[in-house]
file structure.txt (compact mmCIF, N, CA and C atoms)
# COMPACT_ATOMS: atom_id res chain seq x y z
N MET F 1 0.84 -1.18 0.00
CA MET F 1 0.00 0.00 0.00
C MET F 1 0.89 1.25 0.00
N THR F 2 0.39 2.23 -0.66
CA THR F 2 1.14 3.49 -0.70
C THR F 2 0.75 4.35 0.49
N PHE F 3 1.55 5.35 0.71
CA PHE F 3 1.29 6.26 1.82
C PHE F 3 -0.05 6.97 1.67
N ASN F 4 -0.42 7.34 0.44
CA ASN F 4 -1.69 8.02 0.20
C ASN F 4 -2.88 7.12 0.55
N ARG F 5 -2.76 5.85 0.24
CA ARG F 5 -3.86 4.92 0.53
C ARG F 5 -3.99 4.72 2.04
N ILE F 6 -2.89 4.61 2.74
CA ILE F 6 -2.93 4.46 4.20
C ILE F 6 -3.54 5.72 4.83
N THR F 7 -3.16 6.88 4.34
CA THR F 7 -3.71 8.14 4.85
C THR F 7 -5.22 8.19 4.61
N ALA F 8 -5.67 7.75 3.45
CA ALA F 8 -7.10 7.75 3.14
C ALA F 8 -7.86 6.82 4.07
N ILE F 9 -7.28 5.66 4.39
CA ILE F 9 -7.94 4.71 5.29
C ILE F 9 -8.03 5.29 6.70
N VAL F 10 -6.96 5.94 7.15
CA VAL F 10 -6.95 6.51 8.50
C VAL F 10 -7.94 7.67 8.61
N GLN F 11 -8.09 8.44 7.56
CA GLN F 11 -8.98 9.60 7.60
C GLN F 11 -10.44 9.25 7.31
N ASP F 12 -10.73 8.04 6.90
CA ASP F 12 -12.10 7.63 6.61
C ASP F 12 -12.87 7.52 7.92
N GLU F 13 -13.96 8.29 8.03
CA GLU F 13 -14.73 8.32 9.27
C GLU F 13 -16.05 7.57 9.19
N SER F 14 -16.32 6.88 8.11
CA SER F 14 -17.61 6.19 7.99
C SER F 14 -17.73 5.07 9.00
N GLY F 15 -16.66 4.38 9.31
CA GLY F 15 -16.71 3.33 10.32
C GLY F 15 -16.91 3.90 11.71
N ALA F 16 -16.32 5.06 11.97
CA ALA F 16 -16.47 5.71 13.28
C ALA F 16 -17.92 6.11 13.50
N THR F 17 -18.58 6.56 12.46
CA THR F 17 -19.98 6.94 12.59
C THR F 17 -20.84 5.73 12.93
N ALA F 18 -20.58 4.61 12.29
CA ALA F 18 -21.34 3.40 12.57
C ALA F 18 -21.11 2.95 14.02
N ILE F 19 -19.88 3.06 14.48
CA ILE F 19 -19.58 2.69 15.87
C ILE F 19 -20.29 3.62 16.83
N GLU F 20 -20.32 4.91 16.53
CA GLU F 20 -21.02 5.86 17.39
C GLU F 20 -22.51 5.53 17.46
N TYR F 21 -23.12 5.23 16.34
CA TYR F 21 -24.54 4.86 16.35
C TYR F 21 -24.76 3.57 17.15
N GLY F 22 -23.85 2.64 17.03
CA GLY F 22 -23.95 1.41 17.81
C GLY F 22 -23.86 1.67 19.30
N LEU F 23 -22.95 2.56 19.69
CA LEU F 23 -22.82 2.90 21.12
C LEU F 23 -24.06 3.62 21.63
N ILE F 24 -24.62 4.50 20.82
CA ILE F 24 -25.85 5.20 21.23
C ILE F 24 -26.99 4.20 21.39
N ALA F 25 -27.12 3.27 20.46
CA ALA F 25 -28.18 2.26 20.54
C ALA F 25 -27.99 1.38 21.78
N ALA F 26 -26.74 1.03 22.10
CA ALA F 26 -26.47 0.21 23.29
C ALA F 26 -26.83 0.98 24.55
N LEU F 27 -26.51 2.26 24.60
CA LEU F 27 -26.83 3.08 25.77
C LEU F 27 -28.34 3.20 25.96
N ILE F 28 -29.05 3.40 24.87
CA ILE F 28 -30.51 3.48 24.94
C ILE F 28 -31.08 2.16 25.44
N ALA F 29 -30.55 1.04 24.97
CA ALA F 29 -31.03 -0.27 25.41
C ALA F 29 -30.79 -0.47 26.90
N VAL F 30 -29.64 -0.06 27.40
CA VAL F 30 -29.34 -0.21 28.83
C VAL F 30 -30.29 0.64 29.66
N VAL F 31 -30.54 1.87 29.23
CA VAL F 31 -31.46 2.76 29.96
C VAL F 31 -32.87 2.18 29.95
N LEU F 32 -33.31 1.66 28.80
CA LEU F 32 -34.64 1.06 28.73
C LEU F 32 -34.77 -0.15 29.63
N MET F 33 -33.74 -0.99 29.67
CA MET F 33 -33.80 -2.18 30.54
C MET F 33 -33.92 -1.77 32.00
N GLY F 34 -33.17 -0.77 32.41
CA GLY F 34 -33.26 -0.30 33.80
C GLY F 34 -34.62 0.29 34.10
N ALA F 35 -35.14 1.10 33.19
CA ALA F 35 -36.45 1.73 33.41
C ALA F 35 -37.56 0.69 33.45
N LEU F 36 -37.51 -0.28 32.55
CA LEU F 36 -38.55 -1.31 32.53
C LEU F 36 -38.47 -2.23 33.74
N GLN F 37 -37.27 -2.45 34.25
CA GLN F 37 -37.14 -3.27 35.45
C GLN F 37 -37.77 -2.56 36.64
N VAL F 38 -37.52 -1.28 36.80
CA VAL F 38 -38.11 -0.51 37.89
C VAL F 38 -39.62 -0.44 37.72
N LEU F 39 -40.08 -0.19 36.51
CA LEU F 39 -41.51 -0.12 36.24
C LEU F 39 -42.18 -1.45 36.52
N GLY F 40 -41.55 -2.55 36.13
CA GLY F 40 -42.11 -3.87 36.39
C GLY F 40 -42.24 -4.16 37.87
N THR F 41 -41.24 -3.78 38.65
CA THR F 41 -41.28 -3.98 40.09
C THR F 41 -42.39 -3.14 40.71
N ASP F 42 -42.51 -1.90 40.26
CA ASP F 42 -43.57 -1.03 40.78
C ASP F 42 -44.95 -1.56 40.42
N LEU F 43 -45.11 -2.07 39.21
CA LEU F 43 -46.40 -2.63 38.80
C LEU F 43 -46.75 -3.89 39.60
N ALA F 44 -45.76 -4.73 39.85
CA ALA F 44 -46.00 -5.93 40.63
C ALA F 44 -46.45 -5.56 42.05
N THR F 45 -45.81 -4.59 42.65
CA THR F 45 -46.20 -4.14 43.98
C THR F 45 -47.60 -3.54 43.95
N PHE F 46 -47.91 -2.77 42.92
CA PHE F 46 -49.23 -2.15 42.79
C PHE F 46 -50.33 -3.21 42.74
N PHE F 47 -50.15 -4.24 41.91
CA PHE F 47 -51.17 -5.27 41.78
C PHE F 47 -51.23 -6.16 43.03
N GLN F 48 -50.12 -6.35 43.70
CA GLN F 48 -50.15 -7.12 44.95
C GLN F 48 -50.92 -6.37 46.02
N ASP F 49 -50.77 -5.05 46.07
CA ASP F 49 -51.54 -4.24 47.01
C ASP F 49 -53.04 -4.30 46.72
N ILE F 50 -53.39 -4.27 45.44
CA ILE F 50 -54.80 -4.37 45.06
C ILE F 50 -55.34 -5.74 45.45
N ALA F 51 -54.59 -6.80 45.17
CA ALA F 51 -55.04 -8.15 45.50
C ALA F 51 -55.20 -8.31 47.01
N ALA F 52 -54.33 -7.70 47.78
CA ALA F 52 -54.43 -7.81 49.24
C ALA F 52 -55.63 -7.04 49.77
N ALA F 53 -56.02 -5.98 49.11
CA ALA F 53 -57.15 -5.16 49.56
C ALA F 53 -58.49 -5.78 49.21
N LEU F 54 -58.55 -6.65 48.24
CA LEU F 54 -59.81 -7.26 47.83
C LEU F 54 -60.20 -8.35 48.83
N PRO F 55 -61.47 -8.42 49.15
CA PRO F 55 -61.89 -9.51 50.05
C PRO F 55 -61.85 -10.84 49.33
N GLU F 56 -61.63 -11.88 50.09
CA GLU F 56 -61.64 -13.22 49.48
C GLU F 56 -63.08 -13.66 49.30
N VAL F 57 -63.40 -14.08 48.12
CA VAL F 57 -64.74 -14.53 47.80
C VAL F 57 -64.68 -16.02 47.54
N PRO F 58 -65.49 -16.78 48.26
CA PRO F 58 -65.46 -18.23 48.02
C PRO F 58 -66.02 -18.57 46.64
N ALA F 59 -65.50 -19.61 46.07
CA ALA F 59 -65.98 -20.04 44.76
C ALA F 59 -67.37 -20.61 44.91
N PRO F 60 -68.22 -20.40 43.92
CA PRO F 60 -69.60 -20.91 44.03
C PRO F 60 -69.68 -22.42 43.96
call {"tool": "encode", "arguments": {"input": "structure.txt", "output": "structure tokens"}}
result
Amino acid sequence: MTFNRITAIVQDESGATAIEYGLIAALIAVVLMGALQVLGTDLATFFQDIAAALPEVPAP
């Protein structure tokens, strides 16, 4: 390879852009997983509180 070709490869930023988009997507996925985990725990507690407040009704 010639020096000009090596310089062109080093200065090519198209791969860097793809990596940046990948990192942004990974960060969004991590944030969503954390948010959904907290939301799921809160929902489970909410429905458990409702179930505890309901009177037990015998089956007919």
call {"tool": "select_by_dssp", "arguments": {"input": "structure.txt", "residues": "chain F", "states": "alpha helix (DSSP H)", "output": "PyMOL selection string"}}
result
chain F and resi 3-11+14-53
call {"tool": "atom_distance", "arguments": {"input": "structure.txt", "atom1": "atom C of F:Ile24", "atom2": "atom CA of F:Ala8"}}
result
27.2 Å
call {"tool": "atom_distance", "arguments": {"input": "structure.txt", "atom1": "atom CA of F:Ile6", "atom2": "atom CA of F:Ile19"}}
result
20.4 Å
call {"tool": "axis_aligned_box", "arguments": {"input": "structure.txt", "around": "stretch 19-34 of chain F", "padding_each_side": "6 Å", "output": "AutoDock Vina command-line options"}}
result
--center_x -27.2 --center_y 1.8 --center_z 24.3 --size_x 27.2 --size_y 20.0 --size_z 31.6
call {"tool": "atom_distance", "arguments": {"input": "structure.txt", "atom1": "atom CA of F:Arg5", "atom2": "atom N of F:Glu20"}}
result
23.0 Å
